[in-house]
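Structure file structure_14.cif with mmCIF, C-alpha atoms:
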data_structure
#
loop_
_atom_site.label_atom_id
_atom_site.label_comp_id
_atom_site.auth_asym_id
_atom_site.auth_seq_id
_atom_site.Cartn_x
_atom_site.Cartn_y
_atom_site.Cartn_z
CA MET A 1 0.00 0.00 0.00
CA CYS A 2 1.35 3.37 -1.03
CA LEU A 3 0.18 6.68 0.45
CA ILE A 4 1.25 9.96 -1.06
CA PHE A 5 1.09 13.16 0.98
CA THR A 6 1.73 16.65 -0.31
CA CYS A 7 2.96 19.56 1.74
CA GLY A 8 3.31 23.13 0.60
CA GLU A 9 2.57 26.78 1.20
CA HIS A 10 -0.38 28.93 0.10
CA THR A 11 -0.71 32.70 0.49
CA PHE A 12 -4.09 34.33 0.99
CA ARG A 13 -4.22 37.96 -0.20
CA LYS A 14 -6.63 40.86 0.16
CA GLU A 15 -6.56 44.64 -0.24
CA VAL A 16 -5.66 46.64 2.85
CA GLU A 17 -8.45 48.73 4.38
CA GLY A 18 -7.98 52.40 3.53
CA TYR A 19 -5.96 51.62 0.36
CA GLU A 20 -8.80 50.19 -1.74
CA GLY A 21 -8.60 51.30 -5.38
CA ILE A 22 -5.23 53.03 -5.00
CA VAL A 23 -2.92 52.36 -7.94
CA CYS A 24 0.71 53.37 -7.60
CA ARG A 25 3.95 53.08 -9.57
CA CYS A 26 6.03 49.92 -9.30
CA TYR A 27 9.66 50.68 -8.47
CA ASN A 28 10.82 47.57 -10.35
CA CYS A 29 9.17 47.82 -13.79
CA GLY A 30 7.93 51.45 -13.71
CA ASN A 31 4.31 50.63 -14.60
CA TYR A 32 1.39 52.11 -12.69
CA SER A 33 0.05 48.73 -11.57
CA GLY A 34 0.98 48.54 -7.88
CA HIS A 35 -1.70 47.78 -5.28
CA VAL A 36 -1.46 47.57 -1.49
CA ILE A 37 -2.02 43.94 -0.53
CA LYS A 38 -2.03 42.14 2.82
CA SER A 39 -0.62 38.61 2.56
CA HIS A 40 -1.21 35.73 4.97
CA PRO A 41 1.04 32.70 4.22
CA TRP A 42 -0.14 29.25 5.43
CA PHE A 43 1.48 25.83 5.57
CA THR A 44 -0.70 23.29 3.71
CA PHE A 45 -0.98 19.53 4.09
CA CYS A 46 -2.79 17.73 1.26
CA PHE A 47 -3.91 21.16 -0.07
CA VAL A 48 -5.60 22.05 3.25
CA PRO A 49 -4.31 25.12 5.16
CA VAL A 50 -3.12 23.84 8.52
CA LEU A 51 -0.70 26.27 10.16
CA PRO A 52 -0.28 30.05 9.66
CA LEU A 53 3.31 31.03 8.91
CA SER A 54 2.75 34.63 10.02
CA ILE A 55 0.50 35.92 12.79
CA HIS A 56 -0.12 39.45 11.49
CA GLY A 57 0.60 38.98 7.80
CA TYR A 58 2.53 41.33 5.55
CA GLN A 59 1.45 44.64 3.99
CA ASP A 60 3.16 45.03 0.64
CA VAL A 61 2.91 47.11 -2.51
CA SER A 62 2.46 44.38 -5.12
CA CYS A 63 2.79 44.83 -8.89
CA ASP A 64 0.30 42.96 -11.08
CA ILE A 65 2.68 42.90 -14.07
CA CYS A 66 6.09 41.86 -12.72
CA ASN A 67 4.92 40.43 -9.33
CA PHE A 68 7.46 42.60 -7.48
CA GLN A 69 6.56 43.15 -3.82
CA GLN A 70 7.89 45.89 -1.57
CA PRO A 71 6.97 46.45 2.10
CA LEU A 72 4.48 49.27 2.60
CA GLU A 73 6.61 50.96 5.28
CA HIS A 74 9.29 51.59 2.59
CA ARG A 75 6.81 53.52 0.39
CA PRO A 76 5.95 56.92 1.97
CA ASP A 77 4.47 58.08 -1.36
CA VAL A 78 1.82 55.34 -1.17
CA GLN A 79 1.17 55.98 2.52
CA ALA A 80 0.44 59.64 1.65
CA MET A 81 -2.26 58.50 -0.81
CA ARG A 82 -4.28 56.80 1.95
CA HIS A 83 -7.82 58.19 2.33
CA GLY A 84 -7.66 60.22 -0.86
CA GLY A 85 -4.30 61.90 -0.30
CA VAL A 86 -5.26 63.74 2.89
CA GLY A 87 -2.11 64.68 4.74
CA GLY A 88 -0.10 66.40 2.02
CA GLY A 89 0.86 63.92 -0.64
CA VAL A 90 3.57 64.64 -3.17
CA PRO A 91 2.18 66.26 -6.36
CA LEU A 92 2.98 64.45 -9.59
CA GLN A 93 3.75 67.67 -11.48
CA PRO A 94 5.19 70.93 -10.17
CA GLN A 95 2.48 73.44 -9.33
CA GLY A 96 2.76 77.19 -9.92
CA GLY A 97 5.85 79.16 -10.87
CA PRO A 98 9.36 79.27 -9.48
CA PRO A 99 9.74 79.35 -5.69
CA PRO A 100 9.98 82.77 -4.03
CA GLY A 101 13.50 84.16 -4.01
CA ALA A 102 14.58 82.15 -7.07
CA PRO A 103 16.58 84.11 -9.67
CA VAL A 104 14.54 85.30 -12.65
CA LYS A 105 15.92 84.10 -15.99
CA ASN A 106 15.69 86.59 -18.83
CA GLY A 107 17.01 86.03 -22.30
CA PRO A 108 16.86 83.34 -24.96
CA PRO A 109 15.88 79.81 -24.04
CA GLN A 110 18.73 77.51 -23.10
CA GLY A 111 20.21 75.37 -25.83
CA TRP A 112 19.82 77.85 -28.70
CA GLY A 113 22.85 80.07 -28.10
CA ASN A 114 22.04 83.75 -28.57
CA GLN A 115 19.08 83.23 -30.88
CA GLY A 116 15.90 81.22 -30.98
CA PRO A 117 15.20 78.37 -33.39
CA ASN A 118 15.24 79.11 -37.12
CA PRO A 119 11.92 79.10 -38.94
CA GLN A 120 11.33 76.06 -41.11
CA GLN A 121 13.72 76.14 -44.07
CA PRO A 122 12.89 74.52 -47.41
CA MET A 123 14.49 71.11 -47.97
CA HIS A 124 17.62 71.03 -50.13
CA TYR A 125 18.47 67.82 -51.97
CA GLY A 126 21.73 66.92 -53.61
#

With the file now loaded, output its structure as structure tokens.
Amino acid sequence: MCLIFTCGEHTFRKEVEGYEGIVCRCYNCGNYSGHVIKSHPWFTFCFVPVLPLSIHGYQDVSCDICNFQQPLEHRPDVQAMRHGGVGGGVPLQPQGGPPPGAPVKNGPPQGWGNQGPNPQQPMHYG
């Protein structure tokens, strides 16, 4: 008589309360496909969860494309997005003009020397 037993590990995942629907940038692949996930790993015997491998679980920013996971405590940008960004999140684009006290730049745009770009010239062949 031959009995075969299988042992393994299964991770149960769910979204963290307060971070539902938040999509952030993955630091590994650069795509905006990161979600805040709480993971609970379990030891399984014959495909039945038997013993939890972590009491409190793990809160990670998980990418749906490259499966990269980073602990939530290492992502202050994502923590600032909790509850709709209340608490002074980092803006994605600079807002307003230069900061007060910054030197004012007058003159031609950088990269063109002393003159602006030439108007479109006709094409010359040969």

Name all residues at most 8 Å from Leu53 (chain A) (count only C-alpha atoms; drop same-chain ones fewer than 2 positions away) and give them as a PyMOL selection string. chain A and resi 40-43+51+55

Select, from A:Gln70, A:Pro122, A:Cys7, A:Ile37, the residue with the minimum atom-to-atom distance to Gly21 (chain A), counting only C-alpha atoms.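 Answer, going by the shortest atom-to-atom distance: A:Ile37.
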
Can you work out which one of A:Gln121, A:Gly8, A:Pro71, A:Cys2 has the shortest atom-to-atom distance to Cys46 (chain A), counting all atoms listed in the file?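 Selected residue with least distance to Cys46 (chain A): A:Gly8.
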
Which one is closest to Ser39 (chain A): A:His56, A:Arg25, A:His124, A:His74? Count all atoms listed in the file.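 Ranked by minimum distance to Ser39 (chain A), first place goes to A:His56.
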
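Counting all atoms listed in the file, the residue from A:Gly18, A:Pro76, A:Pro52, A:Gly57 that sits nearest to Lys38 (chain A) is A:Gly57.
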
Restricting the calculation to all atoms listed in the file, which member of A:Glu17, A:Phe45, A:Phe5, A:Ile65 is positioned closest to Gly30 (chain A)?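 Closest to Gly30 (chain A) of all the choices is A:Ile65.
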
For each of A:Asp64, A:Cys29, A:Tyr58, A:Ile22, take the minimum atom-to-atom distance to Ala80 (chain A), counting all atoms listed in the file, then give the residue where this is smallest. A:Ile22

Go ahead and compute the interatomic distance for CA of His35 (chain A) and CA of Tyr19 (chain A), in Å to one decimal. 8.0 Å

Grab the CA of Tyr27 (chain A) to CA of Glu9 (chain A) distance for me, in Å with one decimal place.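 Value for the CA of Tyr27 (chain A)-CA of Glu9 (chain A) distance: 26.7 Å.
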
Separation of CA of Gln59 (chain A) from CA of Val36 (chain A), in Å and rounded to one decimal: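 One can read the CA of Gln59 (chain A) to CA of Val36 (chain A) distance as 6.9 Å.
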
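Under the PyMOL selection byres ((chain A and resi 66) around 10), the matching residues in the shown file are Cys26, Asn28, Cys29, Gly30, Asn31, Ser33, Gly34, Ser62, Cys63, Asp64, Ile65, Asn67, Phe68 and Gln69 of chain A.
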